[in-house]
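**Q** First the structure, which I've put down as structure tokens, then a few questions once you've had a look.
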Amino acid sequence: MTIVHVAEGIMEETARLLTSFAAAAESEGVVYWFGLELGELAVVTTLIVPDADTSTGAVQTSAAVNAEAIGAVAGTPLVLLGQAHSHPSRWVGHSSVDDRDTFAQFPGALSVVVPYYGRHGMELASCGVHRHIEGTYRRIRDTDVEEHLRVLPGVRDMRDRTRPQGRRRSGWLERLRLVFKGGRNEDR
Ligand SMILES: [Zn+2]
């Protein structure tokens with residue numbers, strides 16, 4: 001089964017999008033994960049938020065809405081890898097409705113349930129990781145999550161901040177530059 005990889009920034013953005021569902025009125029949210037499948041590994045690259053009906057506080061998506069989501073990546077090599085959806089409390093199991101209504105219903109589809117509407121981010125240890133295995137969604141034990149979902153480094157800024165940055169212009173060079181700039185009618 002493919003191991004789905006997702007960069008930290010994509011995780012953070014997923015949580016932010018889930019939280020946005022609960023901004024006006026408290027509601028669960030859903031974000032579809034699209035990406036590249038490369039043999040034994042898959043990489044999430046793209047987040048698509050379907051135009052879900054959240055008027056009940058839960059998420060409902062119609063066939064038309066899901067077709068629209070798929071259409072957004074038409075003509076690209078991206079495929080649906082799974083989704084993340086939020087729950088109101090710390091409970092991150094799959095309800096029977098989740099099992100039945102989750103859009104991704106194919107072997108290996110991933111479903112991550114994020115607690116507290118995503119407001120506390122989506123640290124994997126606090127999430128429920130579910131995978132479509134042998135025809136149904138199964139909760140992956142914490143100790144086995146690594147075989148299904150791995151978080152990749154996002155941004156790393158390796159610059160040494162203690163070292164002086166840049167180059168200071170000497171006084172005469174700066175004056176010369178201003179003179180030169182004044183003589184030419186352009187901003188350089
Ligand atoms: Zn749910």
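Numbering starts fresh at 1 for the residues of each chain in the structure tokens, the chains themselves are lettered A, B, ... in the order given, and ligands are numbered from 1 as they appear.
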How would you write, as a compact mmCIF listing (two decimals) with C-alpha atoms, in the first residue's frame, the set of residues no farther than 10 Å from ligand 1 when counting only C-alpha atoms and all ligand atoms?
**A**
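Everything below was put into part-v1.txt:
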# COMPACT_ATOMS: atom_id res chain seq x y z
CA GLU A 28 -17.23 20.44 10.52
CA GLY A 29 -15.23 20.92 7.36
CA VAL A 30 -13.61 18.89 4.65
CA ALA A 58 -21.79 18.39 9.33
CA VAL A 59 -20.46 18.12 5.80
CA ALA A 84 -9.11 15.48 5.88
CA HIS A 85 -12.26 16.40 7.77
CA SER A 86 -12.82 17.93 11.16
CA HIS A 87 -14.76 16.89 14.24
CA PRO A 88 -15.97 19.21 17.02
CA TRP A 91 -12.98 12.24 19.15
CA VAL A 92 -11.38 11.39 15.81
CA GLY A 93 -12.99 8.06 14.98
CA HIS A 94 -14.99 7.46 11.81
CA SER A 95 -18.73 7.59 12.29
CA SER A 96 -20.90 5.25 10.22
CA VAL A 97 -21.79 8.33 8.17
CA ASP A 98 -18.09 8.99 7.61
CA ASP A 99 -17.64 5.40 6.42
CA ASP A 101 -20.36 9.28 2.77
CA THR A 102 -16.64 9.93 2.48
CA SER A 111 -9.14 9.81 5.60
CA VAL A 112 -7.67 11.95 8.36
CA VAL A 113 -10.00 13.19 11.07
CA VAL A 114 -8.85 16.39 12.77
CA PRO A 115 -10.10 17.30 16.28
**Q** Residues near region 13-22 of chain A, anyone? I mean within 6 Å using only C-alpha atoms, not counting same-chain ones fewer than 6 positions away, as a PyMOL selection string.
**A** chain A and resi 29+117-119+121-122
**Q** Given only C-alpha atoms as the basis, pick out the residue of A:Thr56, A:Gly9, A:Met1, A:Ser62 nearest to Gly39 (chain A).
**A**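 Closest candidate: A:Met1.
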**Q** Excluding Val6 (chain A) and any residue of its chain fewer than 2 positions from it, enumerate the residues within 7 Å of it, using only C-alpha atoms, and give them as a ChimeraX atom specification.
**A** /A:4,8,10-11,43-44,150-152
**Q** Once DSSP has gone over the backbone, tell me which residues of region 55-169 of chain A are in alpha helix (DSSP H), as number ranges by chain.
**A** A: 63-71, 96-101
**Q** Using only C-alpha atoms, can you tell me which of A:Phe103, A:Tyr116, A:Trp172, A:Phe180 comes closest to Gln60 (chain A)?
**A**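 Distance minimum relative to Gln60 (chain A) lands on A:Phe103.
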**Q** Give me the residues near Val73 (chain A) as a VMD selection string, where near means some atom within 9 Å (using only C-alpha atoms) and where sequence neighbours in that chain fewer than 6 positions away do not count.
**A** chain A and resid 34 46 79
**Q** One decimal, Å: what's the distance from CA of Gly128 (chain A) over to CA of Arg156 (chain A), could you say?
**A**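 About the pair CA of Gly128 (chain A) and CA of Arg156 (chain A): they are 27.0 Å apart.
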**Q** To one decimal place, how far is CA of Leu81 (chain A) from CA of His132 (chain A) in Å?
**A**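 One can read the CA of Leu81 (chain A) to CA of His132 (chain A) distance as 10.9 Å.
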**Q** Let me make sure I understand: among A:Gly108, A:Gly135, A:Gly82, A:Gly166, which one has the smallest atom-to-atom distance to Val31 (chain A) if we use only C-alpha atoms?
**A**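 Result for the nearest residue to Val31 (chain A): A:Gly82.
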**Q** So the first atom is CA of His5 (chain A) and the second is CA of His148 (chain A); what is the distance between them in Å, to one decimal place?
**A**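 About the pair CA of His5 (chain A) and CA of His148 (chain A): they are 8.4 Å apart.
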**Q** Have a look at A:Val49, A:Leu38, A:Leu78, A:Ala24 and name the one nearest to Val65 (chain A); count only C-alpha atoms.
**A**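 Comparing A:Val49, A:Leu38, A:Leu78, A:Ala24 against Val65 (chain A), the winner is A:Val49.
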**Q** Looking at only C-alpha atoms, which of A:Leu178, A:Ala25, A:Leu110, A:Ala104 is the one that sits closest to Ser55 (chain A)?
**A**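 Selected residue with least distance to Ser55 (chain A): A:Ala25.
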**Q** Which residue out of A:Glu37, A:Thr2, A:Asn66, A:Leu80 has the minimum interatomic distance to Ile133 (chain A) when only C-alpha atoms are used?
**A** A:Thr2
